[in-house]
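Before any comments, here is the structure.
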Amino acid sequence: MLDRRTLLAASLGAPLLGAGSAIAQEAYPTRPVRLLLAFAPGGGTDLIARTLGAAMTPSLGQTLVVENRPGAGGNIATEQVASARPDGYTLLMGNHGPMSVNVSLFRNMRVNPETALEPIGLVADAPLIVVVGPASKATTLPELLAEIRAANGRVNYASASNGSASHLAAALMLQMTGLQAEHVPFRGAAPALTDVVAGHLHFMVTTLPSVVGLMNSNAVRPLAVTGEARMSLFPNIPTVAETIPTYKATAWYGILAPKGTPEPIRAHIFASMRAALSNPDVVRRLRDEGAEPSSMDGAGFAALIKWERERWATVVRQAGITVD
């Protein structure tokens, strides 16, 4: 039988044991963290995610494991993260397509990123580049716009796919100048650029990694970049905004967590992200890919997602873009 002193000690010790268990449960992270992304290995999103994942591991306290979940325009990865437990162990590397554009392209999305995810921070922002091949004589963006105007809609342009960043950036440029051109979508930037280089298509707006080799070999001529400022890698290439004021179209990348993820966990992830982005090697690798590192926090990232969703909805509607 237990004596009174044993029972008293047990009763006093129980709350302490419970408190210890609660503290243990609150520790984060105690195992590897998954970072899902919506695209296949080898692309810009994949490289940025893997560069960041390796750099975040020391400050995060556990390995950040990158997992590719391509499909459905990025909606598959978004759905998987949105349905995961909000405990900080399943994160999403989101970009402008799944986060801001898809809601205007897909009729029956299962998940609304705005209500199902918690933005943690913006990792990087990457402008695109307007390039022309031998089908165009333009050496500047104003010259290309003049060609398009003179052709009365008979100019064509390529994109990586219907509703892709390259498609929307070109559509916005045409809308802001009141011009018409025929859109020819491909399954990826590489085959699209092949037709631009062959002279079958006049121009394309595309990402730097997909086209830098062709630029270096003079197979295409770069006319302008789509960000707010000129790129440090190519300071002599003007921005589209220098010809079309207020124009901006970029591909951006940021970390999100399932809705309901506790604020201390989100803060820990954001601090780890910022530590990684202060690493000079990480900054160099991102800039080599044409991406500019960011330190935007969750609130700023949420505002960016909302603003992008609204502006691209207008572009999609006016251009009649669908994914059917």
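Labels used: A, B, ... for chains in the order of the structure tokens, numbers from 1 for residues in each chain, and numbers from 1 for ligands as shown.
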
Once you count only C-alpha atoms, what closest atom pair and distance in Å to one decimal does each residue of range 175-283 of chain A within 8 Å of range 292-308 of chain A have, with rows by chain and rising residue number, as JSON lines?
{"residue": "A:Gly254", "atom": "CA", "partner": "A:Phe301", "partner_atom": "CA", "distance": 7.7}
{"residue": "A:Phe270", "atom": "CA", "partner": "A:Asp297", "partner_atom": "CA", "distance": 7.4}
{"residue": "A:Arg274", "atom": "CA", "partner": "A:Ser295", "partner_atom": "CA", "distance": 6.4}
{"residue": "A:Leu277", "atom": "CA", "partner": "A:Pro293", "partner_atom": "CA", "distance": 6.6}
{"residue": "A:Val283", "atom": "CA", "partner": "A:Pro293", "partner_atom": "CA", "distance": 6.4}

Since we have the selection now, will you write its residues out, keeping N, CA, C and O atoms, as a PDB file, in the first residue's frame?
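Okay, again-v9.pdb is ready:
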ATOM      1  N   GLY A 254       7.893  32.522 -52.111  1.00  0.00           N
ATOM      2  CA  GLY A 254       7.812  32.753 -50.677  1.00  0.00           C
ATOM      3  C   GLY A 254       7.370  31.514 -49.927  1.00  0.00           C
ATOM      4  O   GLY A 254       6.857  30.558 -50.524  1.00  0.00           O
ATOM      5  N   PHE A 270      10.530  32.226 -40.056  1.00  0.00           N
ATOM      6  CA  PHE A 270      10.890  33.488 -40.706  1.00  0.00           C
ATOM      7  C   PHE A 270      12.302  33.925 -40.317  1.00  0.00           C
ATOM      8  O   PHE A 270      13.080  34.379 -41.165  1.00  0.00           O
ATOM      9  N   ARG A 274      15.388  34.529 -42.897  1.00  0.00           N
ATOM     10  CA  ARG A 274      16.164  35.768 -42.975  1.00  0.00           C
ATOM     11  C   ARG A 274      17.644  35.518 -42.747  1.00  0.00           C
ATOM     12  O   ARG A 274      18.495  36.135 -43.393  1.00  0.00           O
ATOM     13  N   LEU A 277      19.023  34.187 -45.950  1.00  0.00           N
ATOM     14  CA  LEU A 277      19.103  35.196 -47.001  1.00  0.00           C
ATOM     15  C   LEU A 277      20.134  36.281 -46.702  1.00  0.00           C
ATOM     16  O   LEU A 277      20.385  37.142 -47.551  1.00  0.00           O
ATOM     17  N   VAL A 283      22.859  34.790 -51.463  1.00  0.00           N
ATOM     18  CA  VAL A 283      22.524  35.989 -52.242  1.00  0.00           C
ATOM     19  C   VAL A 283      23.115  35.896 -53.638  1.00  0.00           C
ATOM     20  O   VAL A 283      22.446  36.179 -54.644  1.00  0.00           O
TER      21      VAL A 283
END

Hey, what's within 8 Å of range 82-84 of chain A if we count only C-alpha atoms and toss same-chain stuff fewer than 5 positions away? As a ChimeraX atom specification, please? /A:90,111,113,116-117,257-259

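Close contacts of Ile255 in chain A, defined as residues with an atom at most 6 Å away when counting only C-alpha atoms, with chain neighbours fewer than 2 positions off set aside, comprise Leu92, Met93, Ile120 and Gly121 of chain A.
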
I need the residues from that last selection saved to file as a CSV table (one decimal), in the first residue's frame (with N, CA, C and O atoms), if you can.
chain,number,residue,atom,x,y,z
A,92,LEU,N,5.2,25.3,-47.7
A,92,LEU,CA,5.0,25.4,-49.1
A,92,LEU,C,6.0,26.5,-49.6
A,92,LEU,O,6.0,27.6,-49.0
A,93,MET,N,6.7,26.2,-50.7
A,93,MET,CA,7.4,27.3,-51.4
A,93,MET,C,6.4,27.7,-52.5
A,93,MET,O,6.2,27.1,-53.6
A,120,ILE,N,4.5,33.3,-44.5
A,120,ILE,CA,5.6,33.5,-43.6
A,120,ILE,C,6.5,34.6,-44.0
A,120,ILE,O,7.0,35.4,-43.2
A,121,GLY,N,6.9,34.6,-45.3
A,121,GLY,CA,7.8,35.6,-45.8
A,121,GLY,C,8.2,35.4,-47.2
A,121,GLY,O,8.1,34.3,-47.8

For range 54-98 of chain A against range 30-39 of chain A, with a cut-off of 7 Å and counting only C-alpha atoms, what is the closest atom pair and its distance in Å to one decimal for every residue that makes the cut, ordered by chain and number, as a Markdown table?
| residue | atom | partner | partner_atom | distance |
| --- | --- | --- | --- | --- |
| A:Gln62 | CA | A:Pro32 | CA | 5.2 |
| A:Thr63 | CA | A:Pro32 | CA | 4.9 |
| A:Leu64 | CA | A:Val33 | CA | 4.9 |
| A:Val65 | CA | A:Arg34 | CA | 4.8 |
| A:Val66 | CA | A:Leu35 | CA | 4.8 |
| A:Glu67 | CA | A:Leu36 | CA | 4.8 |
| A:Asn68 | CA | A:Leu37 | CA | 5.2 |
| A:Arg69 | CA | A:Ala38 | CA | 5.0 |
| A:Pro70 | CA | A:Phe39 | CA | 4.3 |
| A:Gly71 | CA | A:Ala38 | CA | 6.9 |
| A:Gly74 | CA | A:Ala38 | CA | 4.5 |
| A:Ala77 | CA | A:Ala38 | CA | 5.1 |
| A:Tyr89 | CA | A:Val33 | CA | 4.5 |
| A:Thr90 | CA | A:Arg34 | CA | 4.9 |
| A:Leu91 | CA | A:Leu35 | CA | 4.7 |
| A:Leu92 | CA | A:Leu36 | CA | 4.8 |
| A:Met93 | CA | A:Leu37 | CA | 5.1 |
| A:Gly94 | CA | A:Leu37 | CA | 6.8 |

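All residues of protein, DNA or RNA that reach within 10 Å of Arg110 in chain A, judged by only C-alpha atoms and not counting those fewer than 3 positions away in the chain, are Asn75, Ile76, Thr78, Glu79, Phe106, Arg107 and Pro113 of chain A.
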
Need to verify the contact set: Gly163 in chain A, 8 Å, only C-alpha atoms, exclusion of same-chain residues closer than 5 positions in sequence. Can you return it as number ranges by chain? A: 101, 105, 168, 316, 321-323

Point out the residue among A:Pro142, A:Pro134, A:Gly73, A:Pro86 with the least atom-to-atom distance to Ser164 in chain A, counting only C-alpha atoms. A:Gly73

Residue set, range 86-299 of chain A restricted to alpha helix (DSSP H), as a PyMOL selection string: chain A and resi 96+102-105+113-116+141-151+165-177+189-197+208-216+263-277+280-288+298-299
